[in-house]
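Novice: Let me give you the structure first, and then I'll get to my questions.
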Amino acid sequence: MGGIIRLARLEDAPQIADIYRPFVEASPVSFEASAPDSVETSNRIEGVTAKYPWLVCEVDGAVAGYAYASQHRVRFHYQWSIDCSVYVHPDYRKLGIASALYTSLIEIVRYQGYISAFAGITLPNEASVGFHSSMGFIPIGVYKNVGFKLDRWHSVGWWQLQLHEPTTPPPQIRLMNEVLDTPTWNQAIEDGEQKLRGRASKT
């Protein structure tokens, strides 16, 4: 499978919205009440990429999956922590796309200076738990019965990946315009794409 990893563009919004929609409408994976349309998705891409990476995996001109980092909490002193998420189109699952995207994403946010990455997983979800564990995330706790959707209560587990050892004072966070197209950025993208190529050579 040939594929490239790149920064999301506003014109990717319709395909990204299509990938995300089933997670909102037919599963408890997302607690959103309604799926964002392409306009709202475009606004989200624009907002996120001002500060954090939002990556897509493009296969034969189509967005096969995407991953992004986002603000962990609003308060100022949480600024060295991020949340991260990954979604893959059902036609492209089990091809290593999620791990390829996370490989690039994690290297980029590490370069930006973030200390910790977090992922919230609606339970049970063996696939997502196994995936995040394979990427080095460790379980740190569960919010029990924290959300009600599809006629039942759901718990959310939290996983953490330590990107750097904490230092005093903490590092200055590099914004996207400081890391985009740098050698470190390009290497992070290459490392993710290498995973895609490695997976393809085994199939």
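Within each chain, counting starts at residue 1; across the structure tokens, chains are named A, B, ... in the order shown, with ligands numbered 1 upward in that order.
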Can you build me a table of range 29-148 of chain A residues sitting at most 12 Å from range 163-186 of chain A, with the closest atom pair per residue and its distance in Å to one decimal, using only C-alpha atoms, sorted by chain and residue number, as a Markdown table?
Specialist:
```
| residue | atom | partner | partner_atom | distance |
| --- | --- | --- | --- | --- |
| A:Glu46 | CA | A:Met176 | CA | 11.8 |
| A:Gly47 | CA | A:Met176 | CA | 11.5 |
| A:Val48 | CA | A:Met176 | CA | 9.7 |
| A:Thr49 | CA | A:Met176 | CA | 6.9 |
| A:Ala50 | CA | A:Met176 | CA | 6.2 |
| A:Lys51 | CA | A:Leu175 | CA | 5.3 |
| A:Tyr52 | CA | A:Met176 | CA | 6.2 |
| A:Pro53 | CA | A:Met176 | CA | 7.1 |
| A:Trp54 | CA | A:Met176 | CA | 10.3 |
| A:Leu55 | CA | A:Trp185 | CA | 11.7 |
| A:Ala69 | CA | A:Met176 | CA | 11.6 |
| A:His77 | CA | A:Pro170 | CA | 10.6 |
| A:Tyr78 | CA | A:Pro170 | CA | 11.4 |
| A:Gln79 | CA | A:Ile173 | CA | 8.4 |
| A:Trp80 | CA | A:Ile173 | CA | 7.5 |
| A:Ser81 | CA | A:Leu163 | CA | 9.4 |
| A:Ile82 | CA | A:Leu163 | CA | 10.3 |
| A:Thr103 | CA | A:Trp185 | CA | 11.7 |
| A:Ser104 | CA | A:Trp185 | CA | 8.3 |
| A:Leu105 | CA | A:Trp185 | CA | 9.5 |
| A:Ile106 | CA | A:Leu163 | CA | 7.9 |
| A:Glu107 | CA | A:Trp185 | CA | 8.1 |
| A:Ile108 | CA | A:Trp185 | CA | 6.2 |
| A:Val109 | CA | A:Leu163 | CA | 8.1 |
| A:Arg110 | CA | A:Leu163 | CA | 5.7 |
| A:Tyr111 | CA | A:Thr184 | CA | 7.4 |
| A:Gln112 | CA | A:Arg174 | CA | 4.6 |
| A:Gly113 | CA | A:Ile173 | CA | 5.1 |
| A:Tyr114 | CA | A:Ile173 | CA | 6.7 |
| A:Ile115 | CA | A:His164 | CA | 5.0 |
| A:Ser116 | CA | A:Leu163 | CA | 5.3 |
| A:Ala117 | CA | A:Leu163 | CA | 6.9 |
| A:Phe118 | CA | A:Leu163 | CA | 10.3 |
| A:Met135 | CA | A:Leu163 | CA | 11.7 |
| A:Gly136 | CA | A:Leu163 | CA | 10.0 |
| A:Phe137 | CA | A:Leu163 | CA | 10.1 |
```
Novice: Fewer than 2 positions away in the same chain doesn't count, so skip those; otherwise give me all residues within 7 Å of Ile5 in chain A, counting only C-alpha atoms, as a ChimeraX atom specification.
Specialist: /A:3,55-58,189,193
Novice: With all heavy atoms retained, write the just-selected residues as a CSV table (one decimal), in the first residue's frame.
Specialist:
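selection.csv was written with the following content:
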```csv
chain,number,residue,atom,x,y,z
A,3,GLY,N,1.3,5.2,0.6
A,3,GLY,CA,0.6,6.2,1.4
A,3,GLY,C,1.5,7.3,1.8
A,3,GLY,O,2.7,7.0,2.0
A,55,LEU,N,-2.6,15.4,11.4
A,55,LEU,CA,-2.1,14.7,10.3
A,55,LEU,C,-3.1,13.8,9.6
A,55,LEU,O,-4.0,13.3,10.3
A,55,LEU,CB,-0.9,13.8,10.8
A,55,LEU,CG,0.2,14.5,11.5
A,55,LEU,CD1,1.3,13.5,12.0
A,55,LEU,CD2,0.9,15.6,10.7
A,56,VAL,N,-2.9,13.7,8.3
A,56,VAL,CA,-3.8,12.7,7.6
A,56,VAL,C,-2.8,11.7,6.9
A,56,VAL,O,-1.7,12.0,6.5
A,56,VAL,CB,-4.7,13.4,6.5
A,56,VAL,CG1,-5.6,14.4,7.2
A,56,VAL,CG2,-3.9,14.1,5.4
A,57,CYS,N,-3.4,10.5,6.7
A,57,CYS,CA,-2.7,9.5,5.8
A,57,CYS,C,-3.5,9.5,4.5
A,57,CYS,O,-4.7,9.2,4.5
A,57,CYS,CB,-2.7,8.2,6.5
A,57,CYS,SG,-2.0,6.9,5.5
A,58,GLU,N,-2.8,9.8,3.5
A,58,GLU,CA,-3.5,9.8,2.1
A,58,GLU,C,-3.0,8.6,1.3
A,58,GLU,O,-1.9,8.4,1.2
A,58,GLU,CB,-3.1,11.1,1.4
A,58,GLU,CG,-3.7,11.3,0.0
A,58,GLU,CD,-3.3,12.5,-0.7
A,58,GLU,OE1,-3.2,13.6,0.0
A,58,GLU,OE2,-2.9,12.4,-1.9
A,189,ILE,N,7.7,12.7,9.8
A,189,ILE,CA,6.8,12.2,8.7
A,189,ILE,C,7.4,11.0,8.0
A,189,ILE,O,6.7,10.0,7.8
A,189,ILE,CB,6.6,13.3,7.7
A,189,ILE,CG1,5.9,14.5,8.3
A,189,ILE,CG2,5.8,12.8,6.5
A,189,ILE,CD1,4.5,14.2,8.9
A,193,GLU,N,5.8,7.2,7.6
A,193,GLU,CA,5.6,6.6,6.3
A,193,GLU,C,6.4,5.3,6.1
A,193,GLU,O,6.0,4.4,5.4
A,193,GLU,CB,6.0,7.6,5.2
A,193,GLU,CG,5.1,8.8,5.1
A,193,GLU,CD,5.5,9.8,4.0
A,193,GLU,OE1,6.7,9.8,3.6
A,193,GLU,OE2,4.6,10.6,3.7
```
Novice: Out of A:Val86, A:Leu95, A:Ala100, A:Val59, which residue has the shortest atom-to-atom distance to Asp191 in chain A when counting only C-alpha atoms?
Specialist: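 Ranking A:Val86, A:Leu95, A:Ala100, A:Val59 by distance to Asp191 in chain A, first place goes to A:Ala100.
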Novice: Can you list, as a ChimeraX atom specification, all residues belonging to chain A that DSSP tags as helix (DSSP H, G or I)?
Specialist: /A:10-25,38-48,76-78,90-92,97-112,126-134,176-179,183-201
Novice: Excluding same-chain residues fewer than 5 positions from Ile121 in chain A, what lies within 10 Å of it counting only C-alpha atoms, as a PyMOL selection string?
Specialist: chain A and resi 28-30+85+126+128-129+132+142+155-159
Novice: Please provide the set of residues having any atom within 12 Å of Thr41 in chain A, restricted to only C-alpha atoms, with same-chain residues fewer than 6 positions apart removed, written as a list in words.
Specialist: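 Returned residues: Ala8, Arg9, Leu10, Glu11, Asp12, Ala13, Pro14, Gln15, Ile16, Ala17, Asp18, Ile19, Tyr20, Arg21, Ala35, Gly47, Val48 and Trp54 of chain A.
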Novice: Would you give me, as number ranges by chain, the residues in range 26-71 of chain A that DSSP reads as strand (DSSP E or B)?
Specialist: A: 54-59, 62-71
Novice: Ranking A:Pro22, A:Gly2, A:Gly65, A:Pro139 by minimum distance to Lys94 in chain A and counting only C-alpha atoms, which one comes first?
Specialist: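 For Lys94 in chain A, the nearest of the given residues is A:Gly65.
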Novice: Give me, please, the distance in Å between CA of Ser133 in chain A and CA of His72 in chain A, quoted to one decimal.
Specialist: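 So the two atoms, CA of Ser133 in chain A and CA of His72 in chain A, lie 19.5 Å apart.
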Novice: For CA of Lys195 in chain A and CA of Gly61 in chain A, quote the distance in Å rounded to one decimal.
Specialist: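 Distance between the two atoms: 18.9 Å.
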Novice: Interatomic distance between CA of Val88 in chain A and CA of Leu196 in chain A?
Specialist: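 Here the two named atoms are 13.7 Å from each other.
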